[in-house]
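Encoded as structure tokens, the structure appears first; notes follow it.
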Amino acid sequence: MPNIPPPFSAPYAPDDADIAARLFPSAHLAPPREARIDRTATRLIEAVRKRDDRLGGVEDMLREFALSTKEGLALMVLAEALLRVPDARTADQFIEDKLGEGDFIHHETKSTAFLVNASAWALGLSARVIQPGETPDGTIGRLVKRLGAPAVRTATRQAMRLMGNHFVLGETIEQALERGKPRAGERPRYSFDMLGEGARTAEDAKRYFDAYASAILTIGKAAGNHPLPDRPGISVKLSALHPRFEAISRHRVMAELVPQLQDLARRAKAYDLNFTVDAEEADRLELSLDVIAATLADPMLGGWDGFGLAIQAYQKRAGAVIDYIHELARAHDRKLMVRLVKGAYWDTEIKRAQERGLDGYPVFTRKAMTDLNYVACASKLLSLRPRIFPQFATHNALTVATVLELSGDSGGFEFQRLHGMGEALYEQLAKDHPEIAYRTYAPVGSHRDLLAYLVRRLLENGANSSFVAQAADYRVPVTALLKRPVDLIVRPDHAHHAKIPLPGDLFAPERHNSGGIEFGERAALDRLLTEVKAATPDLKPVADATPEQAGAAIAAARAGFAGWSRTPAATRAAALEHAAHLLESRNAHFIALLQAEDGKTLDDALSEVREAADFCRYYAAQGRKLFGSETPMPGPTGESNALALRGRGVFIAISPWNFPLAIFLGQVTAALMAGNSVVAKPAEQTPRIAREAVALLHEAGIPKAALHLVTGDGRTGAALTAHPDIAGVVFTGSTDVARHINRTLAAKDGSIVPLIAETGGINAMIADATALPEQVADDVVTSAFRSAGQRCSALRLLFVQEDVADRMIEMIAGAARELRIGDPSEVATHVGPVIDAEAKQRLDAHIARMKTEARLHFAGTAPEGCFVAPHIFELRDASQLGEEVFGPILHVVRYRAETLARVLQAIERTGYGLTLGIHSRIDDTVEAIIDRIQVGNIYVNRNMIGAVVGVQPFGGNGLSGTGPKAGGPHYLTRFATEQTVTINTAAAGGNAALLAGEE
């Protein structure tokens, strides 16, 4: 039996300075070798600058419309979405919106390339037809009269197709093979990439599998007789082959995906093709390597040297991955191909690490560090020949020259370039070194599907500091392009980008971000699971308080108010910060408690502990600023005026069961920080969590006299709010109960008692034809079905533009079908139980009614117990949903583009204003909705990458506590409506903006 290495394991986010210190000593070669690198790189740069390509390519477009300009960003957005917009009205609005963001009319074309000139002409023509200041609705009518709308639409779509045609080798594999046929004397190598987004449904995964299998057959039949490595190849994306390619679904992935990958690999072996598994995001790295290791164990793949994988040099674990792959190859006595790339999901990785509160980033934050690591990885790969066949994917002349020097002219490797890029560089390389092979990585598929991929590559290669952006710019001296990465970094402690704080410092210096765990890191997940399993939460019954006990608690809190309100704000804040520390140090205990009493899944429970810690730190930070000292105010001579904030008295805090730790502590800590004493009444379903939270606050330094716990049902809460000695009520729950509390308080004699209430509602989302279906499906499934639909802010009502509704609903239903429903203590569970039998009965009744009144698109299957499976119903009209349905039930309404105003009116008529989601690439549409709708939290997704990360729609993301919450010291918010707008633009030029000019 082969000596198989254990599963891959390496620190997820090691320190940049430590890596730099390790790489620095070998970063420079001997002077003669460095001089040869300079000469080779200079010759390649000169070739790039001399080339006059009459057709033009992606690089020409990057130089013409840089991503640092408004025109470049507008072009990127158009390229990403326009060709998937089916209706003329939305397309016209989209074009007008984007062309209005740049000055295409006066753009002076610098390039002589046909592609660039044609695209610039088309965009300029469109912009000339659209007059400044015209609104979309007004413009469309006038354009039609002068026959301008069809011309605008046609010209702009043609510009996008021109880009796609040059970037995509063929829309079918047959077209790609025909277009890639060698000319006389040539022997080009190709790796065909059958591109598409990752699968969200089983049907998507099967379609991708069939496409890969068909492509292997077609490529193989046309492959000729040359031996490897001089043969064509195909790249496969694991996330396209499985709808739940994620760490928590590992057992399912290994059982279902590995046989599929082995099947495809065997087909590729039959034709002796190069078969490369593409790189995925960092949280999927260990899972990807598990799948690859299991596939390589297939004895039917023995004797074949074509299996390979891509490794990303911007990932800090790249070197460790190379070592692991080499061990696998040696254990199985195989030769493997390894494609070394720099990486394509930088913005996504940065935002994900921040959202998850990790210790650091899995990728480098400085481009120079990626370049430095690329060379180190290249050197390692070259040293592992012939067991490893390195494939160096780069368009950087200095990198190419360095690899050539490191290789020692001994062969056994190849370069790779992306179709449409690097042509001049590699043409010169072929002239100077005909013995060196290079392969073209060729996208294959429809332009509509692939231009989102184009945007990823534009972002990857389009930063102002990238080689591609600078190579043809004569203003940049060649010597600047020859500067070594190590010289740009200067010192190891400069390895981290100064403008990108670590995830824990995201809100510094005001407060620390709560710490999270990456489930894609096996060691961290296993450690957490072990700790949670070892925790034994105390589930002993908690007795309900009698009316006398409730009154006694208020009396005790009133007595404790004086001492607590005079406690310095810094002391109160320190106690809350200590509580946050205790929460995080005992996160496994509270996770176990949340799972046992509230039915939380692992990820939801972890997020709630983080949110609770964030609340503690947020209110501590705000309290220090607002309660630390008096604020002097102007006044007449001889008069002193000062503003000071102080507590009101006894606050009653009534919290819900759906966030029994986070909302409970959010209410309590806000009131405490403001100097109030608190009587906390948790939901009757989750008293044990509240008991543990109160004990933790007492341990952290909150006096028992200032904080009291009273448990019981709604009658207990009614008794507390009716008590004459309270100074305020903070409540989260149903609107009906909030109204009852409001009437109770209003009926009292004496001073007016304020009520701070947060209630649920019929939260809506709007998705127009410019939205990416995969992004919509991800957000809808997360918001409507995760947490069993039991968030106050969960999505209840989805409005989808009818032109794209069928595809979007089909994808959402297919994605919902892949969710696992069951025991929340199981790591692979996505949807746990609803809170109790009464809740299940209400939801079952609603489902039964909807089956008679609406169109059923999906009905999941739930196990016995308090489980309700996800359901999707299509309504004729939004008015059919007259009240909030607190569970995993989604209601969908189609709308026509011209009736958006009626959609907004329908949302307003619900009478709720908690959350709203918007999926659109049209800024004018987004701004009009935000301006019209009075909603507290608006989530806008206009992310251009296709990987939705960071702030999840409608909460539950671990970043809560970043704004005022119920009971906080922001007394002015009682006189205004708060609105938080979150716009997800990850990767929409962020890379270029962050890295521009850093070196």
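The chains in the structure tokens are called A, B, ... from first to last as shown; in each chain the residues are counted from 1, and the ligands are counted from 1 in the order shown.
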| said: So that I can see what lies close to A:Gln801, please list as a PyMOL selection string the residues with an atom at most 6 Å from it, counting only C-alpha atoms and leaving out residues fewer than 6 positions away in the same chain. | reply: chain A and resi 768+894-896
Could you please take those selected residues and save C-alpha atoms as a tab-separated table (two decimals), in the first residue's frame?
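The resulting file, selection.tsv, is reproduced below:
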```tsv
chain	number	residue	atom	x	y	z
A	768	ASP	CA	-34.37	43.17	-11.76
A	894	ARG	CA	-43.48	38.82	-10.70
A	895	TYR	CA	-43.45	42.41	-11.91
A	896	ARG	CA	-42.99	44.15	-15.24
```
| query | Mind checking DSSP for stretch 754-986 of chain A and telling me the strand (DSSP E) residues as a ChimeraX atom specification? | reply | /A:755-759,763-767,795-801,855-859,871-874,889-895,915-919,937-941,980-984
| When distances are computed from only C-alpha atoms, which of A:Ala757, A:Leu797, A:Val486, A:Ile741 shows the smallest separation from A:Ala906? |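 Closest residue, counting only C-alpha atoms: A:Leu797.
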| field | For stretch 406-419 of chain A: contacts at 7 Å, only C-alpha atoms, fewer than 4 positions along chain excluded, given as a list in words | value |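 Near neighbours after the sequence-gap exclusion: Phe167, Ser379, Leu382, Arg385, Pro386, Phe389, Pro390, Gln391, Phe392, Ala393, Thr394, His395, Thr402, Ile436, Ala437, Tyr438, Arg439, Thr440, Tyr441 and Ala442 of chain A.
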| Exercise: A:Ser734 partners within 9 Å, only C-alpha atoms, chain neighbours under 5 positions left out, as a PyMOL selection string | chain A and resi 656+739+758-761+792
